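Visitor: Here you go, this is coords_22.txt (compact mmCIF, C-alpha atoms).
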```txt
# COMPACT_ATOMS: atom_id res chain seq x y z
CA MET P 1 58.72 88.11 108.42
CA ARG P 2 58.92 90.56 105.53
CA ILE P 3 58.41 87.81 102.94
CA ALA P 4 55.42 86.42 104.86
CA LEU P 5 53.91 89.91 105.03
CA LEU P 6 54.35 90.45 101.29
CA ILE P 7 52.74 87.08 100.54
CA LEU P 8 49.79 88.01 102.77
CA ILE P 9 49.37 91.40 101.08
CA GLY P 10 49.64 89.81 97.64
CA ILE P 11 47.03 87.12 98.33
CA HIS P 12 44.74 89.65 100.03
CA GLY P 13 45.05 91.90 96.99
CA ILE P 14 44.31 89.09 94.51
CA ILE P 15 41.11 88.25 96.40
CA HIS P 16 39.94 91.80 95.70
CA LEU P 17 40.60 91.25 92.00
CA PHE P 18 37.99 88.48 91.98
CA GLY P 19 35.42 90.97 93.27
CA PHE P 20 36.03 93.05 90.15
CA LEU P 21 35.83 90.00 87.88
CA LYS P 22 32.47 88.99 89.39
CA ALA P 23 31.04 92.51 89.08
CA PHE P 24 31.73 92.55 85.33
CA GLY P 25 30.71 88.94 84.74
CA ILE P 26 34.20 87.80 83.82
CA SER P 27 34.46 85.13 86.51
CA GLU P 28 32.52 83.61 89.39
CA PHE P 29 33.40 84.62 92.97
CA ASN P 30 31.42 82.31 95.24
CA ALA P 31 33.04 83.70 98.40
CA ILE P 32 30.71 86.68 97.98
CA SER P 33 27.13 85.43 97.73
CA HIS P 34 25.60 88.85 97.11
CA PRO P 35 25.71 90.50 93.68
CA ILE P 36 28.42 93.13 93.19
CA SER P 37 27.57 96.31 91.31
CA LYS P 38 29.93 97.62 88.67
CA THR P 39 30.59 100.68 90.85
CA HIS P 40 31.69 98.45 93.71
CA GLY P 41 33.51 96.26 91.20
CA THR P 42 35.61 99.24 90.18
CA LEU P 43 36.47 99.81 93.86
CA TRP P 44 37.45 96.13 94.19
CA LEU P 45 39.82 96.61 91.23
CA LEU P 46 41.23 99.84 92.64
CA THR P 47 41.87 98.15 95.99
CA PHE P 48 43.66 95.30 94.21
CA ILE P 49 45.86 97.84 92.44
CA PHE P 50 46.61 99.60 95.75
CA PHE P 51 47.74 96.32 97.34
CA ILE P 52 49.92 95.37 94.36
CA ILE P 53 51.57 98.81 94.38
CA THR P 54 52.12 98.39 98.13
CA VAL P 55 53.96 95.11 97.49
CA PHE P 56 56.01 96.69 94.68
CA PHE P 57 56.99 99.73 96.75
CA ASN P 58 58.04 97.46 99.61
CA LEU P 59 60.14 95.31 97.27
CA ILE P 60 62.03 98.36 95.98
CA HIS P 61 62.44 99.65 99.56
CA SER P 62 60.47 102.82 98.99
CA ASP P 63 60.21 105.04 102.07
CA TYR P 64 56.54 105.62 101.26
CA TRP P 65 55.17 102.10 100.81
CA TRP P 66 53.18 102.51 104.02
CA LEU P 67 51.24 105.44 102.51
CA ILE P 68 49.74 103.51 99.59
CA GLY P 69 49.25 100.60 102.00
CA PHE P 70 47.03 102.72 104.25
CA LEU P 71 44.88 103.62 101.23
CA ALA P 72 44.60 99.94 100.31
CA VAL P 73 43.55 98.90 103.82
CA ILE P 74 40.96 101.69 104.07
CA ALA P 75 39.44 100.82 100.69
CA SER P 76 39.47 97.12 101.56
CA GLN P 77 37.74 97.65 104.88
CA VAL P 78 35.03 99.78 103.26
CA LEU P 79 34.30 96.88 100.92
CA ILE P 80 34.33 94.40 103.79
CA PHE P 81 31.77 96.47 105.69
CA ASN P 82 29.54 96.50 102.61
CA TYR P 83 29.77 92.71 102.26
CA TRP P 84 30.24 91.92 105.94
CA SER P 85 28.49 88.55 106.13
CA ASP P 86 30.74 87.10 103.43
CA ALA P 87 33.94 89.16 103.79
CA LYS P 88 34.26 89.80 107.54
CA PHE P 89 37.31 87.54 107.95
CA GLY P 90 39.23 89.86 105.62
CA THR P 91 39.35 92.24 108.59
CA ILE P 92 41.94 89.96 110.20
CA ALA P 93 44.26 90.37 107.22
CA ASN P 94 43.69 94.12 107.21
CA LEU P 95 44.56 94.37 110.92
CA ILE P 96 47.82 92.45 110.40
CA ILE P 97 48.72 94.63 107.42
CA LEU P 98 47.71 97.77 109.33
CA LEU P 99 50.05 96.88 112.21
CA ALA P 100 52.94 96.48 109.74
CA LEU P 101 52.05 99.82 108.16
CA ILE P 102 52.02 101.59 111.53
CA LEU P 103 55.46 100.18 112.36
CA SER P 104 56.77 101.22 108.95
CA TYR P 105 55.40 104.72 109.38
CA SER P 106 57.00 104.94 112.84
CA SER P 107 60.35 103.95 111.35
CA PHE P 108 59.90 106.50 108.56
CA ASN P 109 59.00 109.21 111.08
CA PHE P 110 62.01 108.37 113.28
CA LYS P 111 64.35 108.43 110.30
CA SER P 112 62.89 111.74 109.07
CA LYS P 113 63.55 113.30 112.46
CA ILE P 114 67.18 112.20 112.29
CA VAL P 115 67.58 113.55 108.75
CA LYS P 116 66.22 116.94 109.84
CA GLU P 117 68.58 117.01 112.84
CA ARG P 118 71.54 116.26 110.60
CA GLU P 119 70.57 118.82 108.02
CA LYS P 120 70.45 121.42 110.78
CA LEU P 121 73.82 120.23 112.07
CA PHE P 122 75.22 120.31 108.54
CA GLU P 123 73.98 123.86 107.98
CA SER P 124 75.40 125.13 111.29
CA SER P 125 78.85 123.59 110.80
CA GLN P 126 81.70 125.93 110.02
CA SER P 127 84.72 125.35 107.84
CA VAL P 128 87.92 125.08 109.78
CA SER P 129 91.22 126.50 108.63
CA GLU P 130 92.10 125.72 105.03
CA LYS P 131 95.79 125.80 105.89
CA VAL P 132 97.64 122.53 105.48
CA ILE P 133 98.67 120.98 108.80
CA THR P 134 102.44 120.99 109.27
CA LYS P 135 104.85 119.81 111.95
CA GLU P 136 105.00 123.40 113.15
CA THR P 137 101.20 123.36 113.61
CA ILE P 138 101.46 120.51 116.14
CA SER P 139 104.75 121.51 117.77
CA GLU P 140 103.18 122.47 121.12
CA LEU P 141 101.31 119.20 121.58
CA PRO P 142 102.68 116.35 123.75
CA SER P 143 105.33 114.39 121.85
CA ILE P 144 103.22 111.22 121.64
CA ILE P 145 100.32 113.16 120.09
CA GLN P 146 102.73 114.65 117.57
CA LYS P 147 103.98 111.15 116.76
CA TRP P 148 100.39 109.93 116.39
CA LEU P 149 99.46 112.74 113.98
CA ILE P 150 102.58 112.21 111.90
CA ASN P 151 102.11 108.43 111.84
CA ASN P 152 98.42 108.51 110.88
CA GLY P 153 98.95 110.82 107.91
CA THR P 154 97.39 114.04 109.21
CA ILE P 155 100.49 116.10 108.38
CA SER P 156 100.45 117.79 104.95
CA LYS P 157 96.66 117.57 104.76
CA LYS P 158 93.93 120.14 105.33
CA PRO P 159 91.87 119.81 108.53
CA ILE P 160 88.75 117.66 108.52
CA TYR P 161 85.59 119.67 109.19
CA ASN P 162 82.89 116.99 108.96
CA VAL P 163 82.71 113.20 108.93
CA TYR P 164 80.15 110.65 107.81
CA LEU P 165 80.55 106.96 108.60
CA THR P 166 78.64 103.68 108.73
CA GLN P 167 79.23 100.80 111.13
CA GLU P 168 78.47 97.14 111.64
CA LEU P 169 77.88 96.40 115.31
CA GLN P 170 77.75 93.57 117.80
CA LEU P 171 76.40 94.53 121.21
CA LYS P 172 75.16 93.16 124.50
CA LEU P 173 72.42 94.99 126.38
CA LYS P 174 73.28 93.58 129.82
CA PRO P 175 76.33 91.91 131.44
CA GLU P 176 74.66 88.49 131.83
CA GLN P 177 73.83 88.31 128.11
CA THR P 178 75.77 85.51 126.43
CA THR P 179 74.92 86.07 122.77
CA TRP P 180 75.53 89.16 120.65
CA ASN P 181 72.86 91.29 119.03
CA TYR P 182 73.77 92.48 115.55
CA GLY P 183 73.04 95.91 114.21
CA MET P 184 74.00 98.65 111.80
CA ALA P 185 74.62 102.30 112.52
CA GLU P 186 75.52 105.55 110.84
CA GLN P 187 77.03 108.68 112.32
CA TYR P 188 77.66 112.27 111.31
CA PHE P 189 80.22 114.53 113.03
CA THR P 190 81.04 118.20 112.79
CA ILE P 191 84.27 119.55 114.20
CA GLN P 192 83.39 123.25 114.45
CA PRO P 193 81.17 123.19 116.44
CA PRO P 194 81.93 119.79 118.00
CA ALA P 195 78.81 117.66 117.52
CA PHE P 196 77.61 114.26 116.38
CA ASN P 197 74.41 112.45 115.49
CA TRP P 198 74.45 108.64 115.65
CA ASN P 199 71.64 106.21 114.95
CA ILE P 200 71.40 102.45 115.25
CA ASN P 201 69.05 99.69 114.15
CA THR P 202 69.47 96.33 115.89
CA GLU P 203 67.37 93.20 116.21
CA MET P 204 66.67 91.52 119.54
CA ASN P 205 65.19 88.55 117.66
CA SER P 206 63.45 87.82 114.34
CA ILE P 207 60.43 89.89 115.41
CA LEU P 208 61.58 92.65 117.76
CA SER P 209 63.92 95.41 116.64
CA ILE P 210 65.31 98.42 118.46
CA VAL P 211 66.22 101.78 116.98
CA GLY P 212 68.17 104.45 118.80
CA ARG P 213 69.67 107.86 118.34
CA ASP P 214 72.43 109.53 120.34
CA LYS P 215 73.44 113.10 119.70
CA PHE P 216 75.81 115.72 121.07
CA VAL P 217 74.91 119.29 120.15
CA ASP P 218 75.70 122.61 121.85
CA GLY P 219 77.59 120.81 124.60
CA LYS P 220 74.57 118.67 125.52
CA GLY P 221 73.87 114.99 125.04
CA GLU P 222 70.61 113.23 124.28
CA MET P 223 69.65 109.58 123.88
CA VAL P 224 66.45 108.07 122.46
CA ILE P 225 65.73 104.33 122.22
CA LYS P 226 62.51 102.86 120.79
CA LEU P 227 61.22 99.33 120.44
CA LEU P 228 59.94 98.68 116.90
CA SER P 229 60.52 102.41 116.20
CA LEU P 230 57.28 103.02 118.12
CA ILE P 231 57.47 102.24 121.84
CA PRO P 232 59.82 104.52 123.86
CA VAL P 233 62.35 102.59 125.96
CA ALA P 234 64.61 105.50 126.91
CA ASN P 235 64.59 109.24 126.38
CA THR P 236 67.35 110.99 128.30
CA LYS P 237 68.30 114.65 127.95
CA ASN P 238 68.95 117.81 129.97
CA ASN P 239 71.20 115.86 132.34
CA GLU P 240 74.74 116.91 133.29
CA LYS P 241 75.96 113.31 133.57
CA VAL P 242 74.63 112.50 130.11
CA ASN P 243 76.17 115.71 128.75
CA GLN P 244 79.58 114.78 130.12
CA ALA P 245 79.36 111.13 129.02
CA THR P 246 78.36 112.14 125.49
CA LEU P 247 81.19 114.67 125.30
CA GLN P 248 83.63 111.94 126.38
CA ARG P 249 82.30 109.72 123.63
CA TYR P 250 82.97 112.49 121.09
CA LEU P 251 86.46 112.85 122.52
CA ALA P 252 87.16 109.12 122.20
CA GLU P 253 85.96 109.08 118.60
CA ILE P 254 88.28 111.81 117.32
CA VAL P 255 90.67 108.94 116.54
CA TRP P 256 88.55 108.59 113.36
CA PHE P 257 89.27 112.22 112.39
CA PRO P 258 92.58 113.04 114.11
CA SER P 259 92.89 116.67 113.00
CA ALA P 260 90.08 117.49 115.48
CA SER P 261 92.71 117.08 118.20
CA LEU P 262 94.07 120.50 117.19
CA ASN P 263 90.91 122.42 118.11
CA GLU P 264 90.92 124.94 120.94
CA TYR P 265 88.25 123.13 122.94
CA ILE P 266 90.68 120.22 123.55
CA LYS P 267 93.67 120.69 125.86
CA TRP P 268 96.44 118.11 126.02
CA GLU P 269 98.61 117.03 128.96
CA PRO P 270 101.46 114.50 128.65
CA ILE P 271 101.34 111.44 130.91
CA ASP P 272 104.38 109.50 129.71
CA ASP P 273 106.14 108.61 126.46
CA ASN P 274 103.16 106.65 125.14
CA SER P 275 100.11 108.39 126.58
CA ALA P 276 98.47 111.78 127.02
CA ARG P 277 95.40 113.15 128.72
CA ALA P 278 92.86 115.21 126.77
CA ILE P 279 90.53 117.65 128.52
CA MET P 280 87.61 118.83 126.44
CA GLU P 281 85.37 121.75 127.42
CA TYR P 282 82.53 123.11 125.34
CA LYS P 283 79.63 125.36 126.35
CA GLY P 284 79.88 124.52 130.03
CA THR P 285 80.32 120.76 129.64
CA GLU P 286 83.72 119.29 130.47
CA GLY P 287 85.14 115.80 130.31
CA SER P 288 88.49 114.09 129.97
CA GLY P 289 90.10 110.86 128.91
CA GLU P 290 93.48 109.26 128.39
CA PHE P 291 94.83 108.18 125.00
CA TYR P 292 97.36 105.34 124.84
CA PHE P 293 99.61 104.55 121.86
CA ASP P 294 102.30 102.03 120.89
CA ASN P 295 105.90 103.01 120.23
CA ASN P 296 105.13 103.84 116.59
CA GLY P 297 102.31 106.22 117.47
CA ASN P 298 99.44 103.87 116.62
CA PHE P 299 96.35 104.41 118.76
CA GLU P 300 95.74 101.51 121.15
CA ARG P 301 93.02 102.57 123.59
CA PHE P 302 91.09 105.40 125.20
CA VAL P 303 90.26 105.28 128.92
CA ALA P 304 87.89 107.55 130.85
CA MET P 305 85.89 107.62 134.05
CA ARG P 306 82.44 107.92 132.52
CA TYR P 307 78.84 107.73 133.69
CA GLN P 308 77.13 104.66 132.28
CA ASP P 309 73.68 105.86 133.36
CA SER P 310 72.19 109.19 134.38
CA ASN P 311 71.21 107.66 137.75
CA ASP P 312 74.73 106.49 138.64
CA ASP P 313 76.27 107.99 141.77
CA LYS P 314 79.80 107.80 140.39
CA PRO P 315 81.46 107.22 137.02
CA THR P 316 82.78 103.85 135.86
CA LYS P 317 85.99 103.06 134.03
CA TRP P 318 85.22 102.95 130.31
CA THR P 319 87.71 101.71 127.73
CA VAL P 320 87.66 101.82 123.94
CA THR P 321 90.28 99.51 122.41
CA ALA P 322 91.43 99.44 118.80
CA THR P 323 91.51 95.88 117.46
CA LYS P 324 92.31 96.67 113.81
CA THR P 325 93.85 99.72 112.16
CA GLU P 326 93.86 100.54 108.45
CA GLU P 327 94.21 103.54 106.17
CA ARG P 328 91.02 105.20 104.97
CA ASN P 329 91.04 108.28 102.72
CA GLY P 330 94.74 108.72 103.38
CA ILE P 331 94.35 108.65 107.19
CA LYS P 332 95.32 105.67 109.35
CA ILE P 333 92.45 105.03 111.78
CA PRO P 334 91.12 102.20 113.96
CA ILE P 335 88.42 100.58 111.81
CA GLU P 336 87.53 97.93 114.40
CA CYS P 337 87.09 98.69 118.10
CA GLU P 338 85.69 97.24 121.31
CA ALA P 339 84.12 99.17 124.19
CA SER P 340 84.11 97.88 127.77
CA TRP P 341 82.93 98.87 131.23
CA GLU P 342 85.02 97.75 134.19
CA PHE P 343 82.87 97.03 137.24
CA GLU P 344 83.95 95.70 140.61
CA SER P 345 82.58 92.34 139.47
CA GLY P 346 84.75 92.36 136.36
CA LYS P 347 85.15 93.66 132.83
CA TRP P 348 82.11 93.74 130.53
CA THR P 349 82.78 94.13 126.80
CA TRP P 350 79.44 95.28 125.50
CA LEU P 351 80.24 96.59 122.02
CA LYS P 352 82.25 95.54 118.99
CA LEU P 353 82.16 97.78 115.95
CA LYS P 354 83.55 97.84 112.44
CA ILE P 355 83.62 100.92 110.25
CA THR P 356 82.31 99.93 106.83
CA ASP P 357 82.54 103.36 105.21
CA ILE P 358 83.94 106.73 106.23
CA GLN P 359 83.87 110.01 104.30
CA TYR P 360 85.52 113.33 105.16
CA ASN P 361 84.40 116.86 104.29
CA VAL P 362 81.19 115.85 102.54
CA ASN P 363 79.35 118.54 100.59
CA LYS P 364 75.97 116.85 100.90
CA MET P 365 74.47 114.91 103.78
CA PRO P 366 74.51 111.18 102.93
CA VAL P 367 71.95 108.76 104.40
CA ALA P 368 72.66 105.04 104.46
CA ASN P 369 69.91 102.99 102.85
CA ASN P 370 70.82 99.82 104.74
CA VAL P 371 70.43 101.15 108.27
CA TYR P 372 66.65 101.05 108.34
CA LYS P 373 65.74 98.94 105.37
CA LYS P 374 65.68 95.19 105.45
```
Go ahead and render the structure in this file as structure tokens.
Guide:
Amino acid sequence: MRIALLILIGIHGIIHLFGFLKAFGISEFNAISHPISKTHGTLWLLTFIFFIITVFFNLIHSDYWWLIGFLAVIASQVLIFNYWSDAKFGTIANLIILLALILSYSSFNFKSKIVKEREKLFESSQSVSEKVITKETISELPSIIQKWLINNGTISKKPIYNVYLTQELQLKLKPEQTTWNYGMAEQYFTIQPPAFNWNINTEMNSILSIVGRDKFVDGKGEMVIKLLSLIPVANTKNNEKVNQATLQRYLAEIVWFPSASLNEYIKWEPIDDNSARAIMEYKGTEGSGEFYFDNNGNFERFVAMRYQDSNDDKPTKWTVTATKTEERNGIKIPIECEASWEFESGKWTWLKLKITDIQYNVNKMPVANNVYKK
């Protein structure tokens, strides 16, 4: 689709060049039967330049290609109105290009909102203790959590206070779906205060794409989903069930930054030799989940009773399972996971994810170029 759009813009732009050539007597342009003044000829040339710059900016993935594109379409349509009898069909091309520009601007606006949210989150985050974590630091935790922290490499390191990661995703939007949708996501966490901001871009097909943003800030969750970055599909906030479900998600994802398990807002209770229950409470929102490990202290799965939807009467069993574990930045973490809901009708695995990059204690907010740009 992108290549077809660029070809259309390029051809449409070249047509405007011929208007300039006719105005200055350089070449014939029989598509326009009326004479073209040199003043209008200059505008035809300027419009051609605008369209070519639009193509170039799109090719280099500039965030602002839509801006020069709007100028090109406006200039083009002014010329079409002046030569309507000959040029009226150029309006069709302008409308197609205009639709693409509106969608691009919507994506830019959505991304800008996320960047501002993350900058605010980044500025409000606090450094945690600079003291190196020792075995004495974790001595009061359940034995399996101690084993996990020792095994994953947290001991002898300073606590993590923020995290940035990118993911490749496969997901299903409903249980009866047989094929996977592919997407990319990025996420930013702070540990003090506990918060995250996660955004996704996935394609339903070659034409329709969905963008979404989940966040957990000040103990409250919020979810926004938009079709083509423009049409709202979901916008959920100020809901206790969503707050709890989002907190539980944060709790499950501390396996990517294990030192967060030492914070005062998480309380641990032993279950048996290979599992422990975590209870997290922050600013009036509380949730819990159970962590399961193998005999060596490797994380295996997280299980919680969690609300799938804000309209649900009761929570559903939700499981996050580690399918591959590797060391990243000196910490052993699950880099591939699956998430499932367990209904009375059976288990539904709706998400598979792979961490493609993870950074700890970043000094500047990164933004992945490949999440929004095709």
Visitor: Residues at most 6 Å from Thr325 of chain P, counting all atoms listed in the file, excluding those fewer than 2 positions away in the same chain, as a ChimeraX atom specification?
Guide: /P:333-335
Visitor: Name the closest residue to Asn296 of chain P among the candidates P:Ser143, P:Thr179, P:Gln77, P:Thr166; distances are taken between atoms, counting only C-alpha atoms.
Guide: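 Checking each candidate against Asn296 of chain P, we get P:Ser143 as the closest.
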Visitor: Name the closest residue to Thr319 of chain P among the candidates P:Lys237, P:Arg301, P:His34, P:Arg213; distances are taken between atoms, counting all atoms listed in the file.
Guide: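 Of all the options, P:Arg301 lies closest to Thr319 of chain P.
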Visitor: Here is a test: counting only C-alpha atoms, which residue of P:Thr246, P:Thr190, P:Thr39, P:Thr54 is nearest to Leu5 of chain P?
Guide: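 Ranked by minimum distance to Leu5 of chain P, first place goes to P:Thr54.
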Visitor: Go through segment 134-225 of chain P and flag each residue having an atom no more than 9 Å from segment 261-269 of chain P; for those, report the closest pair of atoms plus their distance in Å to one decimal, using only C-alpha atoms, ordered by chain and rising number, as a tab-separated table.
Guide:
```
residue	atom	partner	partner_atom	distance
P:Thr137	CA	P:Leu262	CA	8.5
P:Ile138	CA	P:Leu262	CA	7.5
P:Leu141	CA	P:Trp268	CA	6.7
P:Pro142	CA	P:Glu269	CA	6.6
P:Ile145	CA	P:Trp268	CA	8.6
P:Pro159	CA	P:Leu262	CA	9.0
P:Ile191	CA	P:Asn263	CA	8.2
P:Gln192	CA	P:Asn263	CA	8.4
P:Pro194	CA	P:Tyr265	CA	8.7
```
Visitor: Ranking P:Ile331, P:Ile355, P:Ser259, P:Glu240 by minimum distance to Asn311 of chain P and counting all atoms listed in the file, which one comes first?
Guide: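 Closest residue, counting all atoms listed in the file: P:Glu240.
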Visitor: For atom CA of Thr154 of chain P and atom CA of Glu168 of chain P, quote the distance in Å rounded to one decimal.
Guide: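 Distance between the two atoms: 25.5 Å.
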Visitor: Quick one: residues within 6 Å of Leu101 of chain P, only C-alpha atoms, excluding same-chain residues fewer than 3 positions away - as a list in words?
Guide: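 Once the adjacent positions are removed, what remains is Trp66, Leu98 and Ser104 of chain P.
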Visitor: Hey, can you check how far atom CA of Leu121 of chain P sits from atom CA of Val303 of chain P?
Guide: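 Value for the atom CA of Leu121 of chain P-atom CA of Val303 of chain P distance: 27.9 Å.
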Visitor: Given only C-alpha atoms as the basis, pick out the residue of P:Met305, P:Leu43, P:Val163, P:Val255 nearest to Asn82 of chain P.
Guide: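 Answer, going by the shortest atom-to-atom distance: P:Leu43.
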